[in-house]
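*Asks:* Please find run-v6.cif (mmCIF, N, CA and C atoms) on the next line:
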```cif
data_final
loop_
_atom_site.label_atom_id
_atom_site.label_comp_id
_atom_site.auth_asym_id
_atom_site.auth_seq_id
_atom_site.Cartn_x
_atom_site.Cartn_y
_atom_site.Cartn_z
N MET A 1 48.87 24.63 168.24
CA MET A 1 49.02 24.99 166.85
C MET A 1 49.13 23.73 166.01
N THR A 2 48.34 23.63 164.98
CA THR A 2 48.40 22.48 164.07
C THR A 2 49.47 22.74 163.01
N LEU A 3 50.34 21.77 162.85
CA LEU A 3 51.42 21.89 161.87
C LEU A 3 50.90 21.55 160.47
N THR A 4 51.63 21.99 159.47
CA THR A 4 51.32 21.68 158.08
C THR A 4 51.80 20.27 157.77
N VAL A 5 51.00 19.51 157.02
CA VAL A 5 51.38 18.16 156.61
C VAL A 5 51.95 18.22 155.20
N ILE A 6 53.18 17.75 155.06
CA ILE A 6 53.86 17.70 153.76
C ILE A 6 54.12 16.23 153.43
N LEU A 7 53.73 15.82 152.24
CA LEU A 7 53.96 14.44 151.80
C LEU A 7 55.17 14.40 150.86
N ARG A 8 56.14 13.57 151.17
CA ARG A 8 57.25 13.34 150.24
C ARG A 8 56.70 12.60 149.03
N PRO A 9 57.31 12.72 147.87
CA PRO A 9 56.83 12.04 146.66
C PRO A 9 56.66 10.53 146.84
N ARG A 10 57.57 9.90 147.55
CA ARG A 10 57.43 8.44 147.76
C ARG A 10 56.24 8.13 148.64
N ALA A 11 55.94 8.98 149.61
CA ALA A 11 54.76 8.78 150.43
C ALA A 11 53.50 8.92 149.58
N GLU A 12 53.50 9.90 148.68
CA GLU A 12 52.37 10.05 147.75
C GLU A 12 52.19 8.79 146.90
N ASP A 13 53.30 8.22 146.45
CA ASP A 13 53.24 6.97 145.68
C ASP A 13 52.67 5.84 146.52
N ASP A 14 53.12 5.74 147.78
CA ASP A 14 52.61 4.70 148.68
C ASP A 14 51.09 4.82 148.82
N ILE A 15 50.64 6.04 149.00
CA ILE A 15 49.20 6.30 149.20
C ILE A 15 48.43 5.95 147.93
N ARG A 16 48.94 6.35 146.79
CA ARG A 16 48.27 6.08 145.52
C ARG A 16 48.11 4.57 145.29
N VAL A 17 49.17 3.81 145.55
CA VAL A 17 49.12 2.35 145.35
C VAL A 17 48.10 1.73 146.30
N ALA A 18 48.12 2.13 147.56
CA ALA A 18 47.17 1.57 148.52
C ALA A 18 45.73 1.94 148.14
N TYR A 19 45.52 3.18 147.76
CA TYR A 19 44.18 3.63 147.35
C TYR A 19 43.67 2.79 146.18
N GLN A 20 44.51 2.63 145.17
CA GLN A 20 44.09 1.87 143.99
C GLN A 20 43.79 0.42 144.34
N TRP A 21 44.59 -0.17 145.20
CA TRP A 21 44.35 -1.56 145.60
C TRP A 21 43.01 -1.68 146.32
N TYR A 22 42.75 -0.79 147.29
CA TYR A 22 41.50 -0.85 148.04
C TYR A 22 40.30 -0.58 147.14
N GLU A 23 40.42 0.37 146.23
CA GLU A 23 39.30 0.65 145.31
C GLU A 23 39.01 -0.54 144.40
N ALA A 24 40.06 -1.28 144.02
CA ALA A 24 39.88 -2.47 143.18
C ALA A 24 39.18 -3.58 143.95
N GLN A 25 39.34 -3.58 145.27
CA GLN A 25 38.70 -4.61 146.09
C GLN A 25 37.21 -4.31 146.27
N GLN A 26 36.92 -3.03 146.50
CA GLN A 26 35.53 -2.60 146.72
C GLN A 26 35.44 -1.10 146.49
N VAL A 27 34.52 -0.70 145.64
CA VAL A 27 34.34 0.73 145.36
C VAL A 27 34.03 1.46 146.67
N GLY A 28 34.76 2.53 146.92
CA GLY A 28 34.58 3.33 148.12
C GLY A 28 35.55 2.98 149.23
N LEU A 29 36.15 1.80 149.18
CA LEU A 29 37.08 1.41 150.23
C LEU A 29 38.36 2.24 150.17
N GLY A 30 38.79 2.59 148.97
CA GLY A 30 39.95 3.46 148.82
C GLY A 30 39.69 4.84 149.42
N GLU A 31 38.46 5.33 149.22
CA GLU A 31 38.09 6.63 149.81
C GLU A 31 38.10 6.55 151.33
N ASP A 32 37.63 5.43 151.87
CA ASP A 32 37.66 5.24 153.33
C ASP A 32 39.10 5.22 153.82
N PHE A 33 39.98 4.54 153.09
CA PHE A 33 41.39 4.52 153.44
C PHE A 33 41.95 5.95 153.49
N LEU A 34 41.68 6.73 152.45
CA LEU A 34 42.17 8.11 152.41
C LEU A 34 41.64 8.95 153.57
N ALA A 35 40.37 8.78 153.88
CA ALA A 35 39.76 9.55 154.97
C ALA A 35 40.41 9.20 156.31
N ARG A 36 40.64 7.92 156.53
CA ARG A 36 41.25 7.51 157.80
C ARG A 36 42.73 7.90 157.87
N LEU A 37 43.42 7.84 156.75
CA LEU A 37 44.80 8.30 156.72
C LEU A 37 44.85 9.80 157.01
N ARG A 38 43.96 10.55 156.37
CA ARG A 38 43.90 11.99 156.59
C ARG A 38 43.66 12.30 158.08
N ARG A 39 42.75 11.56 158.69
CA ARG A 39 42.45 11.75 160.11
C ARG A 39 43.69 11.49 160.97
N SER A 40 44.41 10.41 160.66
CA SER A 40 45.63 10.08 161.41
C SER A 40 46.70 11.15 161.25
N LEU A 41 46.85 11.64 160.03
CA LEU A 41 47.87 12.67 159.79
C LEU A 41 47.49 14.00 160.42
N LEU A 42 46.22 14.32 160.43
CA LEU A 42 45.78 15.56 161.10
C LEU A 42 46.01 15.47 162.60
N HIS A 43 45.78 14.29 163.16
CA HIS A 43 46.07 14.10 164.59
C HIS A 43 47.56 14.27 164.85
N ALA A 44 48.39 13.70 163.98
CA ALA A 44 49.84 13.85 164.11
C ALA A 44 50.25 15.31 163.98
N ALA A 45 49.59 16.04 163.10
CA ALA A 45 49.90 17.46 162.91
C ALA A 45 49.50 18.29 164.13
N GLU A 46 48.44 17.87 164.79
CA GLU A 46 47.98 18.60 165.97
C GLU A 46 48.78 18.22 167.22
N PHE A 47 49.16 16.95 167.30
CA PHE A 47 49.92 16.44 168.45
C PHE A 47 51.14 15.67 167.93
N PRO A 48 52.11 16.35 167.36
CA PRO A 48 53.20 15.68 166.66
C PRO A 48 54.06 14.75 167.53
N GLU A 49 54.13 15.02 168.81
CA GLU A 49 54.97 14.19 169.67
C GLU A 49 54.19 13.09 170.38
N SER A 50 52.92 12.91 170.00
CA SER A 50 52.12 11.87 170.64
C SER A 50 52.40 10.48 170.10
N SER A 51 52.99 10.41 168.92
CA SER A 51 53.35 9.11 168.33
C SER A 51 54.76 8.74 168.73
N PRO A 52 55.02 7.44 168.85
CA PRO A 52 56.36 7.02 169.30
C PRO A 52 57.44 7.24 168.25
N VAL A 53 58.64 7.46 168.75
CA VAL A 53 59.81 7.54 167.88
C VAL A 53 60.19 6.11 167.53
N ILE A 54 60.36 5.85 166.24
CA ILE A 54 60.68 4.51 165.76
C ILE A 54 62.18 4.37 165.49
N TYR A 55 62.76 5.38 164.87
CA TYR A 55 64.18 5.35 164.52
C TYR A 55 64.69 6.79 164.48
N LYS A 56 65.72 7.04 165.26
CA LYS A 56 66.26 8.39 165.38
C LYS A 56 65.13 9.36 165.68
N SER A 57 64.74 10.25 164.76
CA SER A 57 63.65 11.19 165.03
C SER A 57 62.40 10.87 164.21
N VAL A 58 62.37 9.72 163.58
CA VAL A 58 61.21 9.32 162.78
C VAL A 58 60.13 8.74 163.70
N ARG A 59 58.93 9.26 163.55
CA ARG A 59 57.78 8.79 164.34
C ARG A 59 56.82 8.05 163.41
N ARG A 60 55.90 7.32 164.02
CA ARG A 60 54.91 6.62 163.22
C ARG A 60 53.54 6.76 163.85
N CYS A 61 52.53 6.88 162.97
CA CYS A 61 51.15 6.89 163.45
C CYS A 61 50.39 5.78 162.72
N VAL A 62 49.37 5.28 163.38
CA VAL A 62 48.59 4.16 162.87
C VAL A 62 47.39 4.69 162.10
N VAL A 63 47.09 4.05 160.98
CA VAL A 63 45.88 4.36 160.21
C VAL A 63 44.81 3.40 160.72
N THR A 64 43.80 3.92 161.39
CA THR A 64 42.77 3.05 161.96
C THR A 64 42.02 2.29 160.88
N ARG A 65 41.62 1.08 161.23
CA ARG A 65 40.88 0.14 160.39
C ARG A 65 41.70 -0.49 159.29
N PHE A 66 42.80 0.11 158.92
CA PHE A 66 43.64 -0.40 157.83
C PHE A 66 45.01 -0.75 158.38
N PRO A 67 45.64 -1.79 157.86
CA PRO A 67 46.96 -2.20 158.38
C PRO A 67 48.09 -1.37 157.79
N TYR A 68 48.03 -0.07 158.01
CA TYR A 68 49.03 0.86 157.48
C TYR A 68 49.57 1.74 158.58
N LEU A 69 50.82 2.14 158.41
CA LEU A 69 51.49 3.07 159.30
C LEU A 69 52.02 4.23 158.46
N ALA A 70 51.94 5.42 159.01
CA ALA A 70 52.53 6.60 158.36
C ALA A 70 53.76 6.99 159.18
N PHE A 71 54.88 7.14 158.51
CA PHE A 71 56.15 7.49 159.14
C PHE A 71 56.46 8.94 158.82
N TYR A 72 56.80 9.72 159.85
CA TYR A 72 57.00 11.15 159.64
C TYR A 72 58.06 11.74 160.55
N LEU A 73 58.54 12.89 160.14
CA LEU A 73 59.44 13.70 160.95
C LEU A 73 58.65 14.91 161.44
N SER A 74 58.81 15.25 162.69
CA SER A 74 58.16 16.43 163.24
C SER A 74 59.16 17.57 163.22
N GLU A 75 58.82 18.62 162.49
CA GLU A 75 59.68 19.80 162.38
C GLU A 75 58.94 20.98 163.03
N PRO A 76 59.61 22.09 163.22
CA PRO A 76 58.97 23.20 163.94
C PRO A 76 57.64 23.68 163.36
N THR A 77 57.51 23.69 162.04
CA THR A 77 56.28 24.22 161.45
C THR A 77 55.50 23.20 160.62
N ARG A 78 56.03 21.97 160.54
CA ARG A 78 55.37 20.98 159.68
C ARG A 78 55.71 19.57 160.13
N ILE A 79 54.91 18.62 159.64
CA ILE A 79 55.32 17.23 159.73
C ILE A 79 55.58 16.78 158.30
N LEU A 80 56.68 16.09 158.12
CA LEU A 80 57.10 15.62 156.81
C LEU A 80 56.85 14.12 156.75
N VAL A 81 55.88 13.71 155.95
CA VAL A 81 55.52 12.29 155.85
C VAL A 81 56.48 11.63 154.87
N LEU A 82 57.22 10.65 155.38
CA LEU A 82 58.24 9.97 154.59
C LEU A 82 57.68 8.76 153.85
N ALA A 83 56.76 8.04 154.49
CA ALA A 83 56.24 6.81 153.92
C ALA A 83 54.91 6.47 154.55
N VAL A 84 54.08 5.75 153.79
CA VAL A 84 52.82 5.20 154.30
C VAL A 84 52.84 3.74 153.84
N LEU A 85 53.11 2.84 154.78
CA LEU A 85 53.39 1.46 154.40
C LEU A 85 52.51 0.45 155.14
N HIS A 86 52.25 -0.65 154.47
CA HIS A 86 51.50 -1.76 155.05
C HIS A 86 52.31 -2.34 156.20
N THR A 87 51.65 -2.74 157.25
CA THR A 87 52.36 -3.23 158.43
C THR A 87 53.09 -4.55 158.20
N SER A 88 52.75 -5.28 157.16
CA SER A 88 53.44 -6.55 156.92
C SER A 88 54.73 -6.38 156.11
N ARG A 89 55.01 -5.17 155.64
CA ARG A 89 56.24 -4.93 154.88
C ARG A 89 57.44 -4.92 155.82
N ASP A 90 58.48 -5.54 155.40
CA ASP A 90 59.73 -5.58 156.15
C ASP A 90 60.49 -4.28 155.89
N PRO A 91 60.75 -3.47 156.92
CA PRO A 91 61.44 -2.20 156.70
C PRO A 91 62.80 -2.36 156.04
N ALA A 92 63.43 -3.51 156.19
CA ALA A 92 64.74 -3.73 155.59
C ALA A 92 64.64 -3.76 154.05
N THR A 93 63.45 -4.00 153.52
CA THR A 93 63.28 -4.06 152.06
C THR A 93 62.85 -2.73 151.47
N TRP A 94 62.63 -1.72 152.29
CA TRP A 94 62.21 -0.41 151.78
C TRP A 94 63.33 0.20 150.96
N PRO A 95 62.96 0.88 149.90
CA PRO A 95 63.99 1.65 149.20
C PRO A 95 64.48 2.77 150.14
N HIS A 96 65.68 3.23 149.91
CA HIS A 96 66.22 4.30 150.75
C HIS A 96 65.29 5.52 150.70
N ARG A 97 64.85 5.97 151.84
CA ARG A 97 63.95 7.11 151.92
C ARG A 97 64.64 8.22 152.65
#
```
Let me see the file written as structure tokens.

*Replies:*
Amino acid sequence: MTLTVILRPRAEDDIRVAYQWYEAQQVGLGEDFLARLRRSLLHAAEFPESSPVIYKSVRRCVVTRFPYLAFYLSEPTRILVLAVLHTSRDPATWPHR
């Protein structure tokens, strides 16, 4: 059973910023980022426990081709995406999520 993907508002903001940055670099690159992120999240929704636990019950999946990670909680009927962050960001500097 594939779970529903829910994006927290801050995750939506993370995605919007990354999309805009990639589109500013090259037209269409932001769309490629979104497509690959969508693919990663759909895989997580289909196989929620296939990604490693990073902290307590928070898991992370990799966005292929792009240096981004999606952090999520796996719940009985959904995955809750908490953040989508560049791999070079220091987690200690993240705002409280």

*Asks:* Taking only C-alpha atoms into account, which of A:Arg59, A:Arg38, A:His86, A:Arg8 comes nearest Ser74 (chain A)?

*Replies:*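 Ranking A:Arg59, A:Arg38, A:His86, A:Arg8 by distance to Ser74 (chain A), first place goes to A:Arg59.
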
*Asks:* Run DSSP on the backbone of this structure and report the residues of region 19-92 of chain A it assigns to strand (DSSP E or B), as a VMD selection string.

*Replies:* chain A and resid 53 to 55 58 to 63 68 to 74 78 to 86

*Asks:* Can you pull out every residue within 10 Å of Arg65 (chain A), counting only C-alpha atoms, but drop anything in the same chain fewer than 4 positions away, and send it as a PyMOL selection string?

*Replies:* chain A and resi 32-33+36-37

*Asks:* Near Leu34 (chain A), within 8 Å and counting only N, CA and C atoms, which residues show up once chain neighbours fewer than 5 positions away are dropped, as a list in words?

*Replies:*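 Final neighbour list, sorted by chain and number: Ile15, Ala18, Tyr19, Gly28, Leu29, Arg39 and Ser40 of chain A.
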
*Asks:* Would you save the residues from that selection as a PDB file, in the coordinates of the input, using N, CA and C atoms?

*Replies:*
```pdb
ATOM      1  N   ILE A  15      50.640   6.040 149.000  1.00  0.00           N
ATOM      2  CA  ILE A  15      49.200   6.300 149.200  1.00  0.00           C
ATOM      3  C   ILE A  15      48.430   5.950 147.930  1.00  0.00           C
ATOM      4  N   ALA A  18      48.120   2.130 147.560  1.00  0.00           N
ATOM      5  CA  ALA A  18      47.170   1.570 148.520  1.00  0.00           C
ATOM      6  C   ALA A  18      45.730   1.940 148.140  1.00  0.00           C
ATOM      7  N   TYR A  19      45.520   3.180 147.760  1.00  0.00           N
ATOM      8  CA  TYR A  19      44.180   3.630 147.350  1.00  0.00           C
ATOM      9  C   TYR A  19      43.670   2.790 146.180  1.00  0.00           C
ATOM     10  N   GLY A  28      34.760   2.530 146.920  1.00  0.00           N
ATOM     11  CA  GLY A  28      34.580   3.330 148.120  1.00  0.00           C
ATOM     12  C   GLY A  28      35.550   2.980 149.230  1.00  0.00           C
ATOM     13  N   LEU A  29      36.150   1.800 149.180  1.00  0.00           N
ATOM     14  CA  LEU A  29      37.080   1.410 150.230  1.00  0.00           C
ATOM     15  C   LEU A  29      38.360   2.240 150.170  1.00  0.00           C
ATOM     16  N   ARG A  39      42.750  11.560 158.690  1.00  0.00           N
ATOM     17  CA  ARG A  39      42.450  11.750 160.110  1.00  0.00           C
ATOM     18  C   ARG A  39      43.690  11.490 160.970  1.00  0.00           C
ATOM     19  N   SER A  40      44.410  10.410 160.660  1.00  0.00           N
ATOM     20  CA  SER A  40      45.630  10.080 161.410  1.00  0.00           C
ATOM     21  C   SER A  40      46.700  11.150 161.250  1.00  0.00           C
TER      22      SER A  40
END
```

*Asks:* Which of these residues is nearest to Leu41 (chain A), using all atoms listed in the file: A:Leu82, A:Val63, A:Tyr68, A:Glu12?

*Replies:*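 Checking each of A:Leu82, A:Val63, A:Tyr68, A:Glu12 against Leu41 (chain A), counting all atoms listed in the file, the winner is A:Val63.
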
*Asks:* List the residues selected by the PyMOL selection byres ((chain A and resi 55-57) around 6.5) in the file shown, writing them as an mmCIF file with N, CA and C atoms, keeping the file's coordinate frame.

*Replies:*
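Written out: selection-v8.cif:
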```cif
data_model
loop_
_atom_site.group_PDB
_atom_site.id
_atom_site.type_symbol
_atom_site.label_atom_id
_atom_site.label_comp_id
_atom_site.auth_asym_id
_atom_site.auth_seq_id
_atom_site.Cartn_x
_atom_site.Cartn_y
_atom_site.Cartn_z
ATOM 1 N N VAL A 53 58.640 7.460 168.750
ATOM 2 C CA VAL A 53 59.810 7.540 167.880
ATOM 3 C C VAL A 53 60.190 6.110 167.530
ATOM 4 N N ILE A 54 60.360 5.850 166.240
ATOM 5 C CA ILE A 54 60.680 4.510 165.760
ATOM 6 C C ILE A 54 62.180 4.370 165.490
ATOM 7 N N VAL A 58 62.370 9.720 163.580
ATOM 8 C CA VAL A 58 61.210 9.320 162.780
ATOM 9 C C VAL A 58 60.130 8.740 163.700
ATOM 10 N N ARG A 59 58.930 9.260 163.550
ATOM 11 C CA ARG A 59 57.780 8.790 164.340
ATOM 12 C C ARG A 59 56.820 8.050 163.410
ATOM 13 N N TYR A 72 56.800 9.720 159.850
ATOM 14 C CA TYR A 72 57.000 11.150 159.640
ATOM 15 C C TYR A 72 58.060 11.740 160.550
ATOM 16 N N LEU A 73 58.540 12.890 160.140
ATOM 17 C CA LEU A 73 59.440 13.700 160.950
ATOM 18 C C LEU A 73 58.650 14.910 161.440
ATOM 19 N N SER A 74 58.810 15.250 162.690
ATOM 20 C CA SER A 74 58.160 16.430 163.240
ATOM 21 C C SER A 74 59.160 17.570 163.220
#
```

*Asks:* May I ask which of the residues A:Ala70, A:Val27, A:Val17, A:Leu3 is the closest one to Pro52 (chain A), counting only C-alpha atoms?

*Replies:*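 Ranking A:Ala70, A:Val27, A:Val17, A:Leu3 by distance to Pro52 (chain A), first place goes to A:Ala70.
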
*Asks:* What does the distance from CA of Phe71 (chain A) to atom C of Leu85 (chain A) come to in Å, to one decimal?

*Replies:* 8.9 Å

*Asks:* Quick one: which residues end up in the PyMOL selection byres ((chain A and resi 1) around 8) for this structure, as an MDAnalysis selection string?

*Replies:* chainID A and resid 2:4 45:47

*Asks:* Name the residues of chain A that come out as alpha helix (DSSP H) in a backbone DSSP run; write them as a VMD selection string.

*Replies:* chain A and resid 9 to 25 29 to 46

*Asks:* Write the selection just made, keeping N, CA and C atoms, as an mmCIF file, keeping the file's coordinate frame?

*Replies:*
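Final file, out-v8.cif:
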```
data_model
loop_
_atom_site.group_PDB
_atom_site.id
_atom_site.type_symbol
_atom_site.label_atom_id
_atom_site.label_comp_id
_atom_site.auth_asym_id
_atom_site.auth_seq_id
_atom_site.Cartn_x
_atom_site.Cartn_y
_atom_site.Cartn_z
ATOM 1 N N PRO A 9 57.310 12.720 147.870
ATOM 2 C CA PRO A 9 56.830 12.040 146.660
ATOM 3 C C PRO A 9 56.660 10.530 146.840
ATOM 4 N N ARG A 10 57.570 9.900 147.550
ATOM 5 C CA ARG A 10 57.430 8.440 147.760
ATOM 6 C C ARG A 10 56.240 8.130 148.640
ATOM 7 N N ALA A 11 55.940 8.980 149.610
ATOM 8 C CA ALA A 11 54.760 8.780 150.430
ATOM 9 C C ALA A 11 53.500 8.920 149.580
ATOM 10 N N GLU A 12 53.500 9.900 148.680
ATOM 11 C CA GLU A 12 52.370 10.050 147.750
ATOM 12 C C GLU A 12 52.190 8.790 146.900
ATOM 13 N N ASP A 13 53.300 8.220 146.450
ATOM 14 C CA ASP A 13 53.240 6.970 145.680
ATOM 15 C C ASP A 13 52.670 5.840 146.520
ATOM 16 N N ASP A 14 53.120 5.740 147.780
ATOM 17 C CA ASP A 14 52.610 4.700 148.680
ATOM 18 C C ASP A 14 51.090 4.820 148.820
ATOM 19 N N ILE A 15 50.640 6.040 149.000
ATOM 20 C CA ILE A 15 49.200 6.300 149.200
ATOM 21 C C ILE A 15 48.430 5.950 147.930
ATOM 22 N N ARG A 16 48.940 6.350 146.790
ATOM 23 C CA ARG A 16 48.270 6.080 145.520
ATOM 24 C C ARG A 16 48.110 4.570 145.290
ATOM 25 N N VAL A 17 49.170 3.810 145.550
ATOM 26 C CA VAL A 17 49.120 2.350 145.350
ATOM 27 C C VAL A 17 48.100 1.730 146.300
ATOM 28 N N ALA A 18 48.120 2.130 147.560
ATOM 29 C CA ALA A 18 47.170 1.570 148.520
ATOM 30 C C ALA A 18 45.730 1.940 148.140
ATOM 31 N N TYR A 19 45.520 3.180 147.760
ATOM 32 C CA TYR A 19 44.180 3.630 147.350
ATOM 33 C C TYR A 19 43.670 2.790 146.180
ATOM 34 N N GLN A 20 44.510 2.630 145.170
ATOM 35 C CA GLN A 20 44.090 1.870 143.990
ATOM 36 C C GLN A 20 43.790 0.420 144.340
ATOM 37 N N TRP A 21 44.590 -0.170 145.200
ATOM 38 C CA TRP A 21 44.350 -1.560 145.600
ATOM 39 C C TRP A 21 43.010 -1.680 146.320
ATOM 40 N N TYR A 22 42.750 -0.790 147.290
ATOM 41 C CA TYR A 22 41.500 -0.850 148.040
ATOM 42 C C TYR A 22 40.300 -0.580 147.140
ATOM 43 N N GLU A 23 40.420 0.370 146.230
ATOM 44 C CA GLU A 23 39.300 0.650 145.310
ATOM 45 C C GLU A 23 39.010 -0.540 144.400
ATOM 46 N N ALA A 24 40.060 -1.280 144.020
ATOM 47 C CA ALA A 24 39.880 -2.470 143.180
ATOM 48 C C ALA A 24 39.180 -3.580 143.950
ATOM 49 N N GLN A 25 39.340 -3.580 145.270
ATOM 50 C CA GLN A 25 38.700 -4.610 146.090
ATOM 51 C C GLN A 25 37.210 -4.310 146.270
ATOM 52 N N LEU A 29 36.150 1.800 149.180
ATOM 53 C CA LEU A 29 37.080 1.410 150.230
ATOM 54 C C LEU A 29 38.360 2.240 150.170
ATOM 55 N N GLY A 30 38.790 2.590 148.970
ATOM 56 C CA GLY A 30 39.950 3.460 148.820
ATOM 57 C C GLY A 30 39.690 4.840 149.420
ATOM 58 N N GLU A 31 38.460 5.330 149.220
ATOM 59 C CA GLU A 31 38.090 6.630 149.810
ATOM 60 C C GLU A 31 38.100 6.550 151.330
ATOM 61 N N ASP A 32 37.630 5.430 151.870
ATOM 62 C CA ASP A 32 37.660 5.240 153.330
ATOM 63 C C ASP A 32 39.100 5.220 153.820
ATOM 64 N N PHE A 33 39.980 4.540 153.090
ATOM 65 C CA PHE A 33 41.390 4.520 153.440
ATOM 66 C C PHE A 33 41.950 5.950 153.490
ATOM 67 N N LEU A 34 41.680 6.730 152.450
ATOM 68 C CA LEU A 34 42.170 8.110 152.410
ATOM 69 C C LEU A 34 41.640 8.950 153.570
ATOM 70 N N ALA A 35 40.370 8.780 153.880
ATOM 71 C CA ALA A 35 39.760 9.550 154.970
ATOM 72 C C ALA A 35 40.410 9.200 156.310
ATOM 73 N N ARG A 36 40.640 7.920 156.530
ATOM 74 C CA ARG A 36 41.250 7.510 157.800
ATOM 75 C C ARG A 36 42.730 7.900 157.870
ATOM 76 N N LEU A 37 43.420 7.840 156.750
ATOM 77 C CA LEU A 37 44.800 8.300 156.720
ATOM 78 C C LEU A 37 44.850 9.800 157.010
ATOM 79 N N ARG A 38 43.960 10.550 156.370
ATOM 80 C CA ARG A 38 43.900 11.990 156.590
ATOM 81 C C ARG A 38 43.660 12.300 158.080
ATOM 82 N N ARG A 39 42.750 11.560 158.690
ATOM 83 C CA ARG A 39 42.450 11.750 160.110
ATOM 84 C C ARG A 39 43.690 11.490 160.970
ATOM 85 N N SER A 40 44.410 10.410 160.660
ATOM 86 C CA SER A 40 45.630 10.080 161.410
ATOM 87 C C SER A 40 46.700 11.150 161.250
ATOM 88 N N LEU A 41 46.850 11.640 160.030
ATOM 89 C CA LEU A 41 47.870 12.670 159.790
ATOM 90 C C LEU A 41 47.490 14.000 160.420
ATOM 91 N N LEU A 42 46.220 14.320 160.430
ATOM 92 C CA LEU A 42 45.780 15.560 161.100
ATOM 93 C C LEU A 42 46.010 15.470 162.600
ATOM 94 N N HIS A 43 45.780 14.290 163.160
ATOM 95 C CA HIS A 43 46.070 14.100 164.590
ATOM 96 C C HIS A 43 47.560 14.270 164.850
ATOM 97 N N ALA A 44 48.390 13.700 163.980
ATOM 98 C CA ALA A 44 49.840 13.850 164.110
ATOM 99 C C ALA A 44 50.250 15.310 163.980
ATOM 100 N N ALA A 45 49.590 16.040 163.100
ATOM 101 C CA ALA A 45 49.900 17.460 162.910
ATOM 102 C C ALA A 45 49.500 18.290 164.130
ATOM 103 N N GLU A 46 48.440 17.870 164.790
ATOM 104 C CA GLU A 46 47.980 18.600 165.970
ATOM 105 C C GLU A 46 48.780 18.220 167.220
#
```

*Asks:* Could you work out how far CA of Ala44 (chain A) lies from CA of Thr77 (chain A), giving the answer in Å with one decimal?

*Replies:*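 Pair CA of Thr77 (chain A) / CA of Ala44 (chain A) returns 12.5 Å.
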
*Asks:* State, in Å with one decimal place, the distance from CA of Thr87 (chain A) to CA of Pro9 (chain A).

*Replies:*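 Atom-to-atom, CA of Thr87 (chain A) and CA of Pro9 (chain A) are spaced 19.8 Å apart.
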
*Asks:* Can you tell me, as number ranges by chain, what residues are no more than 6 Å from Ala11 (chain A) when counting only C-alpha atoms, ignoring any on the same chain fewer than 4 positions away?

*Replies:* A: 7, 82-84

*Asks:* Each side padded by 4 Å, which centre and which edge lengths in Å (one decimal) define the axis-aligned box around the listed atoms of region 59-76 of chain A? Give them as AutoDock Vina command-line options.

*Replies:*
```
--center_x 50.3 --center_y 10.7 --center_z 160.9 --size_x 26.8 --size_y 33.9 --size_z 14.9
```

*Asks:* Any idea what's packed within 7 Å of Gly30 (chain A), counting only N, CA and C atoms, ignoring anything in its chain fewer than 4 positions away? Could you give it as a PyMOL selection string?

*Replies:* chain A and resi 18-24+26+34-35

*Asks:* Nearest to His43 (chain A): which of A:Ile79, A:Asp14, A:Glu31, A:Pro67 is it, counting only C-alpha atoms?

*Replies:* A:Ile79
